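Q: A single structure is presented below for examination.
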2 protein chains.
Amino acid sequence: MYASLLAHIARYVSLSEAEAELLPQYLKPLTLARKEHLLLQGQVCTANYFVVQGCLRTYFLTEKGAEQTVQFAIERWWLTDYASLDAHAPSEFFIQAVEPTQVLVLEQRVQEELFAQLPQLERYFRLVLQRATAAALFRVKVLFGQTGAARYQHFSTAFPEFVQRVPQYMLASYLGFTPEFLSKIRARME
Amino acid sequence: MYASLLAHIARYVSLSEAEAELLPQYLKPLTLARKEHLLLQGQVCTANYFVVQGCLRTYFLTEKGAEQTVQFAIERWWLTDYASLDAHAPSEFFIQAVEPTQVLVLEQRVQEELFAQLPQLERYFRLVLQRATAAALFRVKVLFGQTGAARYQHFSTAFPEFVQRVPQYMLASYLGFTPEFLSKIRARME
DNA sequence: GGCGTTTCTTGAACTAGTTCAAGCGGTGGC
DNA sequence: GCCACCGCTTGAACTAGTTCAAGAAACGCC
């Protein structure tokens, strides 16, 4: 359970064994069923979630009532709504388990204590956020730089296992088009 | 020059006067003419830029050769390409001054020394990155959640001074449509 | 203060992707 | 083992936004 997080932390900063053993005091495991929500629109987001096993997504409802997926998180990704977390404001998003999922929950109010105990983690989260920021910029580049069909083709060759794993309507909205259009792209590819 | 950065840092963490006086050793001022580049596609990005006065943008060239703006930075924003910076890899983006601009340059290789001297800055940059990540998510929400015309209307009521400041073709591509279409939206609004 | 470049506008033809509606297939729940 | 539902497909009509081209306006610079 915690091994996955410790391995991830070790990529960025080093913790002694004694330090590593402190983590379970601060992060609580949680198991989610398929389609279970961690956050509903309108609620204040109070925690950061690390995916040990499974898949989460962030989505919102468009004016027409369609679910628009804005990000996915699979194993070893952190997911939260920083806008809501930082400002203690109601979230505009839903966070939901795409499949049965195990997460570690880091509550915002214990995060400060954790950083006081293990100051290296301040650096760890900075580096995790740098990667997230780079990923967000790349996502905007892909959305603007290529057609829907090209986005699907690149995505499905880059992450073939992931395409199998999530319902196509979630993937379609993540890639910026309708499920019907995705179906037509697949038909065209033969 | 440094007062702007110190005021920004003070929003997130506190530095003593003695600590504040160390900053000029690490960050170098730089003045850019309109349209001057800080980074060209293909170069490795080696620094993080803080805008004291003026405006920067990140853009890339689409297959058709059009400039696609992906982000702007005005006073008190940091801008860099973290993908290139972290991986020491050639950047896919250009970073350019939209107007005459003064920046403070934090070279990647001196950033580590700076954090060793002033560990609070590790936290400062983490918090700056949290805001950037929240802004990136919000941007995706706006791009997917509303039509081009609605995006322009909301943007120009939220940031009227900014709309005056940048050429419309940059704003059009930032908002996800062509300059011609922006012109037509404006005509429709009368 | 005028010249050259850059930026903005307008219109007409076009296209990538949407919308709506109907049918089909798999599968999870009891 | 059956039913209900959810997700996927297909086609036809549609629309938001693009493309291309040409002229008008505005700006920055010496």
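Identifiers for the structure tokens are assigned positionally: chains receive A, B, ... in sequence, residues are indexed from 1 per chain, and ligands are indexed from 1 in the order shown.
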Per residue of chain B within 12 Å of chain D, record the nearest atom pair and its distance in Å to one decimal, counting only C-alpha atoms (C1' of nucleotides), with rows in chain order and ascending residue number, as a tab-separated table.
A:
residue	atom	partner	partner_atom	distance
B:Arg34	CA	D:DG28	C1'	10.9
B:Lys64	CA	D:DT19	C1'	11.4
B:Gln146	CA	D:DA16	C1'	11.8
B:Thr147	CA	D:DA16	C1'	8.4
B:Gly148	CA	D:DG17	C1'	8.5
B:Ala149	CA	D:DA16	C1'	10.0
B:Pro167	CA	D:DC27	C1'	11.4
B:Gly176	CA	D:DG17	C1'	10.1
B:Phe177	CA	D:DG17	C1'	7.4
B:Thr178	CA	D:DT18	C1'	7.6
B:Pro179	CA	D:DT18	C1'	10.4
B:Glu180	CA	D:DT18	C1'	8.9
B:Phe181	CA	D:DG17	C1'	7.2
B:Leu182	CA	D:DG17	C1'	10.2
B:Lys184	CA	D:DG17	C1'	10.7
B:Ile185	CA	D:DG17	C1'	11.1
Q: As a PyMOL selection string, please: every residue in range 38-121 of chain B that a backbone DSSP assignment puts in strand (DSSP E or B).
A: chain B and resi 38-39+44+47-53+56-61+67-73+78-79+90+94-97+101-107
Q: For the residues in the current selection, export N, CA, C and O atoms as a short mmCIF file (atom, residue, chain, number, x, y, z; two decimals), in the first residue's frame.
A:
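Saved file out03.cif follows:
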data_model
loop_
_atom_site.label_atom_id
_atom_site.label_comp_id
_atom_site.auth_asym_id
_atom_site.auth_seq_id
_atom_site.Cartn_x
_atom_site.Cartn_y
_atom_site.Cartn_z
N LEU B 38 12.89 34.81 -25.55
CA LEU B 38 13.67 34.26 -24.44
C LEU B 38 14.02 32.81 -24.72
O LEU B 38 14.97 32.27 -24.15
N LEU B 39 13.22 32.18 -25.56
CA LEU B 39 13.42 30.76 -25.87
C LEU B 39 12.89 30.50 -27.27
O LEU B 39 11.80 30.98 -27.62
N VAL B 44 17.15 24.22 -25.45
CA VAL B 44 16.86 23.73 -24.11
C VAL B 44 16.60 24.93 -23.20
O VAL B 44 17.41 25.86 -23.17
N ALA B 47 16.08 28.36 -17.69
CA ALA B 47 15.78 29.32 -16.64
C ALA B 47 14.28 29.47 -16.44
O ALA B 47 13.48 29.06 -17.28
N ASN B 48 13.93 30.06 -15.32
CA ASN B 48 12.56 30.42 -14.99
C ASN B 48 12.51 31.94 -15.00
O ASN B 48 13.44 32.59 -14.51
N TYR B 49 11.44 32.53 -15.57
CA TYR B 49 11.38 33.97 -15.74
C TYR B 49 10.24 34.56 -14.94
O TYR B 49 9.11 34.09 -15.02
N PHE B 50 10.55 35.62 -14.18
CA PHE B 50 9.54 36.34 -13.40
C PHE B 50 9.31 37.68 -14.07
O PHE B 50 10.26 38.46 -14.27
N VAL B 51 8.06 37.98 -14.41
CA VAL B 51 7.76 39.23 -15.11
C VAL B 51 7.60 40.36 -14.10
O VAL B 51 6.68 40.33 -13.27
N VAL B 52 8.50 41.33 -14.17
CA VAL B 52 8.43 42.52 -13.30
C VAL B 52 7.48 43.53 -13.93
O VAL B 52 6.60 44.07 -13.28
N GLN B 53 7.67 43.74 -15.22
CA GLN B 53 6.86 44.73 -15.96
C GLN B 53 6.76 44.25 -17.40
O GLN B 53 7.78 43.91 -17.99
N LEU B 56 4.83 38.36 -21.30
CA LEU B 56 5.43 37.27 -22.08
C LEU B 56 4.34 36.34 -22.57
O LEU B 56 3.24 36.33 -22.02
N ARG B 57 4.65 35.58 -23.61
CA ARG B 57 3.74 34.50 -24.01
C ARG B 57 4.54 33.28 -24.41
O ARG B 57 5.71 33.39 -24.83
N THR B 58 3.92 32.11 -24.29
CA THR B 58 4.46 30.86 -24.81
C THR B 58 3.61 30.49 -26.01
O THR B 58 2.38 30.55 -25.93
N TYR B 59 4.25 30.15 -27.12
CA TYR B 59 3.49 29.71 -28.30
C TYR B 59 4.25 28.62 -29.04
O TYR B 59 5.41 28.36 -28.74
N PHE B 60 3.55 27.96 -29.95
CA PHE B 60 4.23 27.01 -30.85
C PHE B 60 3.67 27.20 -32.24
O PHE B 60 2.69 27.94 -32.42
N LEU B 61 4.33 26.56 -33.20
CA LEU B 61 3.87 26.66 -34.60
C LEU B 61 3.06 25.42 -34.95
O LEU B 61 3.53 24.30 -34.78
N GLU B 67 0.95 30.63 -35.54
CA GLU B 67 1.42 30.73 -34.15
C GLU B 67 0.26 30.44 -33.21
O GLU B 67 -0.75 31.13 -33.24
N GLN B 68 0.41 29.43 -32.38
CA GLN B 68 -0.63 29.09 -31.41
C GLN B 68 -0.16 29.47 -30.02
O GLN B 68 0.76 28.84 -29.48
N THR B 69 -0.75 30.50 -29.44
CA THR B 69 -0.39 30.95 -28.09
C THR B 69 -1.00 30.00 -27.06
O THR B 69 -2.20 29.74 -27.11
N VAL B 70 -0.19 29.49 -26.15
CA VAL B 70 -0.72 28.58 -25.13
C VAL B 70 -0.80 29.21 -23.75
O VAL B 70 -1.61 28.81 -22.94
N GLN B 71 0.06 30.21 -23.47
CA GLN B 71 -0.11 30.94 -22.22
C GLN B 71 0.51 32.32 -22.28
O GLN B 71 1.42 32.59 -23.05
N PHE B 72 -0.05 33.20 -21.44
CA PHE B 72 0.50 34.54 -21.25
C PHE B 72 1.01 34.64 -19.83
O PHE B 72 0.52 33.95 -18.92
N ALA B 73 1.97 35.53 -19.60
CA ALA B 73 2.40 35.88 -18.23
C ALA B 73 2.52 37.39 -18.16
O ALA B 73 3.25 37.99 -18.95
N TRP B 78 5.41 33.86 -13.00
CA TRP B 78 6.58 33.11 -13.45
C TRP B 78 6.23 32.39 -14.74
O TRP B 78 5.10 31.88 -14.89
N LEU B 79 7.20 32.31 -15.65
CA LEU B 79 6.97 31.56 -16.88
C LEU B 79 8.23 30.79 -17.26
O LEU B 79 9.34 31.31 -17.20
N PRO B 90 15.15 19.57 -25.72
CA PRO B 90 14.78 20.70 -26.59
C PRO B 90 13.31 21.05 -26.41
O PRO B 90 12.47 20.15 -26.31
N PHE B 94 8.09 28.42 -28.13
CA PHE B 94 8.78 29.70 -28.13
C PHE B 94 8.30 30.48 -26.90
O PHE B 94 7.11 30.40 -26.56
N ILE B 95 9.20 31.25 -26.28
CA ILE B 95 8.79 32.22 -25.25
C ILE B 95 9.23 33.59 -25.75
O ILE B 95 10.41 33.78 -26.10
N GLN B 96 8.28 34.50 -25.82
CA GLN B 96 8.50 35.79 -26.47
C GLN B 96 7.90 36.93 -25.66
O GLN B 96 6.86 36.76 -25.03
N ALA B 97 8.55 38.10 -25.72
CA ALA B 97 7.98 39.31 -25.11
C ALA B 97 6.92 39.87 -26.04
O ALA B 97 7.18 40.09 -27.22
N THR B 101 9.53 44.41 -22.06
CA THR B 101 9.30 43.66 -20.82
C THR B 101 10.57 43.55 -19.98
O THR B 101 11.66 43.35 -20.52
N GLN B 102 10.39 43.73 -18.67
CA GLN B 102 11.50 43.49 -17.73
C GLN B 102 11.25 42.21 -16.97
O GLN B 102 10.19 42.04 -16.37
N VAL B 103 12.24 41.33 -16.97
CA VAL B 103 12.10 40.06 -16.23
C VAL B 103 13.27 39.88 -15.27
O VAL B 103 14.32 40.52 -15.42
N LEU B 104 13.06 39.00 -14.29
CA LEU B 104 14.16 38.51 -13.47
C LEU B 104 14.39 37.07 -13.88
O LEU B 104 13.44 36.29 -13.98
N VAL B 105 15.65 36.73 -14.12
CA VAL B 105 16.00 35.41 -14.65
C VAL B 105 16.57 34.55 -13.52
O VAL B 105 17.57 34.93 -12.90
N LEU B 106 15.91 33.43 -13.27
CA LEU B 106 16.46 32.47 -12.30
C LEU B 106 16.97 31.26 -13.07
O LEU B 106 16.18 30.43 -13.53
N GLU B 107 18.28 31.20 -13.23
CA GLU B 107 18.87 30.06 -13.95
C GLU B 107 18.66 28.78 -13.14
O GLU B 107 18.81 28.78 -11.92
#
Q: Please, which residues of range 7-183 of chain B, numbered as in this document, come out alpha helix (DSSP H) from DSSP, as a ChimeraX atom specification?
A: /B:7-10,17-20,23-26,82-87,108-117,120-145,148-158,160-165,168-175,179-183
Q: Could you check how far CA of Tyr26 in chain A sits from CA of Gln111 in chain A, in Å to one decimal?
A: 7.6 Å
Q: Set the cut-off to 10 Å and count only C-alpha atoms: what are the residues of chain A that reach chain B? Output as a PyMOL selection string.
A: chain A and resi 58-64+66+68-71+80-86+92-93+115+119-141+143-146+173-174+176-177
Q: Could the residues in this selection be written to a file with N, CA and C atoms, as a compact mmCIF listing (two decimals), in the first residue's frame?
A:
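What follows is the written file part-v7.txt:
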# COMPACT_ATOMS: atom_id res chain seq x y z
N THR A 58 -11.18 13.55 -13.26
CA THR A 58 -11.84 14.81 -12.91
C THR A 58 -12.73 15.17 -14.08
N TYR A 59 -13.99 15.52 -13.80
CA TYR A 59 -14.86 15.96 -14.89
C TYR A 59 -15.80 17.04 -14.40
N PHE A 60 -16.47 17.71 -15.34
CA PHE A 60 -17.52 18.67 -14.98
C PHE A 60 -18.69 18.47 -15.93
N LEU A 61 -19.80 19.11 -15.60
CA LEU A 61 -20.99 19.00 -16.45
C LEU A 61 -21.09 20.23 -17.33
N THR A 62 -21.21 20.03 -18.65
CA THR A 62 -21.37 21.16 -19.56
C THR A 62 -22.80 21.69 -19.46
N GLU A 63 -23.05 22.82 -20.11
CA GLU A 63 -24.39 23.41 -20.08
C GLU A 63 -25.44 22.43 -20.60
N LYS A 64 -25.02 21.60 -21.54
CA LYS A 64 -25.96 20.63 -22.11
C LYS A 64 -26.10 19.37 -21.25
N ALA A 66 -23.68 17.23 -20.48
CA ALA A 66 -22.71 16.17 -20.80
C ALA A 66 -21.55 16.19 -19.81
N GLN A 68 -17.84 16.21 -19.07
CA GLN A 68 -16.60 16.54 -19.77
C GLN A 68 -15.41 16.17 -18.89
N THR A 69 -14.68 15.13 -19.27
CA THR A 69 -13.50 14.70 -18.52
C THR A 69 -12.34 15.64 -18.79
N VAL A 70 -11.72 16.17 -17.73
CA VAL A 70 -10.59 17.07 -17.93
C VAL A 70 -9.25 16.44 -17.58
N GLN A 71 -9.24 15.45 -16.69
CA GLN A 71 -8.00 14.73 -16.47
C GLN A 71 -8.23 13.35 -15.90
N THR A 80 -6.11 16.17 -7.33
CA THR A 80 -6.95 16.96 -6.44
C THR A 80 -7.47 18.15 -7.25
N ASP A 81 -8.28 18.99 -6.63
CA ASP A 81 -8.67 20.26 -7.25
C ASP A 81 -7.99 21.37 -6.45
N TYR A 82 -6.83 21.83 -6.95
CA TYR A 82 -6.06 22.81 -6.20
C TYR A 82 -6.80 24.14 -6.03
N ALA A 83 -7.64 24.49 -7.02
CA ALA A 83 -8.39 25.75 -6.90
C ALA A 83 -9.27 25.71 -5.66
N SER A 84 -9.99 24.61 -5.49
CA SER A 84 -10.87 24.46 -4.33
C SER A 84 -10.06 24.30 -3.04
N LEU A 85 -9.01 23.48 -3.11
CA LEU A 85 -8.17 23.19 -1.95
C LEU A 85 -7.52 24.46 -1.39
N ASP A 86 -6.91 25.26 -2.26
CA ASP A 86 -6.20 26.46 -1.84
C ASP A 86 -7.15 27.51 -1.27
N GLU A 92 -15.72 23.22 -8.85
CA GLU A 92 -16.52 23.17 -10.07
C GLU A 92 -16.47 21.79 -10.70
N PHE A 93 -15.78 20.85 -10.03
CA PHE A 93 -15.51 19.55 -10.64
C PHE A 93 -16.00 18.39 -9.80
N PHE A 115 4.77 18.21 6.36
CA PHE A 115 5.91 18.97 5.85
C PHE A 115 6.82 19.41 7.00
N PRO A 119 10.60 17.80 5.81
CA PRO A 119 10.69 18.96 4.91
C PRO A 119 11.05 18.59 3.47
N GLN A 120 11.65 17.43 3.27
CA GLN A 120 11.96 17.00 1.90
C GLN A 120 10.71 16.88 1.05
N LEU A 121 9.57 16.63 1.71
CA LEU A 121 8.35 16.42 0.94
C LEU A 121 7.85 17.71 0.29
N GLU A 122 8.24 18.83 0.86
CA GLU A 122 7.92 20.11 0.23
C GLU A 122 8.53 20.11 -1.18
N ARG A 123 9.76 19.65 -1.24
CA ARG A 123 10.45 19.55 -2.52
C ARG A 123 9.80 18.51 -3.42
N TYR A 124 9.46 17.37 -2.85
CA TYR A 124 8.79 16.30 -3.62
C TYR A 124 7.54 16.82 -4.30
N PHE A 125 6.70 17.52 -3.56
CA PHE A 125 5.46 18.01 -4.16
C PHE A 125 5.73 19.12 -5.18
N ARG A 126 6.76 19.91 -4.93
CA ARG A 126 7.11 20.92 -5.94
C ARG A 126 7.46 20.23 -7.26
N LEU A 127 8.23 19.16 -7.17
CA LEU A 127 8.65 18.47 -8.40
C LEU A 127 7.48 17.75 -9.07
N VAL A 128 6.60 17.18 -8.27
CA VAL A 128 5.39 16.55 -8.82
C VAL A 128 4.55 17.60 -9.55
N LEU A 129 4.44 18.79 -8.97
CA LEU A 129 3.66 19.85 -9.59
C LEU A 129 4.33 20.39 -10.85
N GLN A 130 5.65 20.39 -10.89
CA GLN A 130 6.33 20.80 -12.13
C GLN A 130 5.95 19.86 -13.26
N ARG A 131 5.93 18.57 -12.95
CA ARG A 131 5.56 17.60 -13.99
C ARG A 131 4.12 17.78 -14.40
N ALA A 132 3.25 18.04 -13.45
CA ALA A 132 1.83 18.23 -13.76
C ALA A 132 1.64 19.47 -14.64
N THR A 133 2.39 20.51 -14.33
CA THR A 133 2.30 21.75 -15.12
C THR A 133 2.79 21.51 -16.54
N ALA A 134 3.89 20.77 -16.67
CA ALA A 134 4.40 20.44 -18.00
C ALA A 134 3.36 19.61 -18.77
N ALA A 135 2.73 18.67 -18.08
CA ALA A 135 1.72 17.82 -18.72
C ALA A 135 0.52 18.64 -19.18
N ALA A 136 0.13 19.62 -18.37
CA ALA A 136 -1.03 20.45 -18.71
C ALA A 136 -0.73 21.28 -19.96
N LEU A 137 0.49 21.78 -20.06
CA LEU A 137 0.86 22.59 -21.23
C LEU A 137 0.89 21.71 -22.48
N PHE A 138 1.42 20.52 -22.32
CA PHE A 138 1.47 19.59 -23.44
C PHE A 138 0.07 19.24 -23.90
N ARG A 139 -0.83 19.08 -22.96
CA ARG A 139 -2.22 18.76 -23.29
C ARG A 139 -2.84 19.87 -24.14
N VAL A 140 -2.62 21.12 -23.75
CA VAL A 140 -3.15 22.25 -24.52
C VAL A 140 -2.53 22.23 -25.92
N LYS A 141 -1.24 21.91 -26.00
CA LYS A 141 -0.59 21.87 -27.30
C LYS A 141 -1.24 20.82 -28.21
N LEU A 143 -4.29 19.55 -27.95
CA LEU A 143 -5.68 19.93 -28.26
C LEU A 143 -5.73 20.93 -29.41
N PHE A 144 -4.77 21.87 -29.43
CA PHE A 144 -4.79 22.90 -30.45
C PHE A 144 -4.02 22.50 -31.70
N GLY A 145 -3.05 21.63 -31.53
CA GLY A 145 -2.11 21.38 -32.61
C GLY A 145 -2.53 20.31 -33.59
N GLN A 146 -3.50 19.48 -33.24
CA GLN A 146 -3.88 18.42 -34.17
C GLN A 146 -5.38 18.17 -34.20
N SER A 173 -14.43 12.52 -24.56
CA SER A 173 -14.54 13.87 -24.03
C SER A 173 -13.18 14.38 -23.57
N TYR A 174 -12.33 13.49 -23.05
CA TYR A 174 -10.96 13.89 -22.68
C TYR A 174 -10.21 14.40 -23.90
N GLY A 176 -11.53 15.67 -26.50
CA GLY A 176 -12.15 16.88 -27.04
C GLY A 176 -13.15 16.67 -28.15
N PHE A 177 -13.85 15.54 -28.16
CA PHE A 177 -14.92 15.37 -29.13
C PHE A 177 -15.98 14.44 -28.58
Q: So how many Å separate CA of Tyr2 in chain B and CA of Glu19 in chain B, to one decimal?
A: 12.8 Å
Q: Enumerate, in order of chain and increasing residue number, the residues of chain C with an atom no farther than 8 Å from chain B, each with its shortest atom pair and distance in Å to one decimal, counting only C-alpha atoms (C1' of nucleotides), as a tab-separated table.
A:
residue	atom	partner	partner_atom	distance
C:DT7	C1'	B:Pro167	CA	7.5
C:DC8	C1'	B:Ser183	CA	7.2
C:DT9	C1'	B:Ser183	CA	6.6
Q: Figure out the distance between CA of Ile74 in chain B and CA of Pro160 in chain B, please, to one decimal in Å.
A: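 These atoms are spaced 13.9 Å apart.
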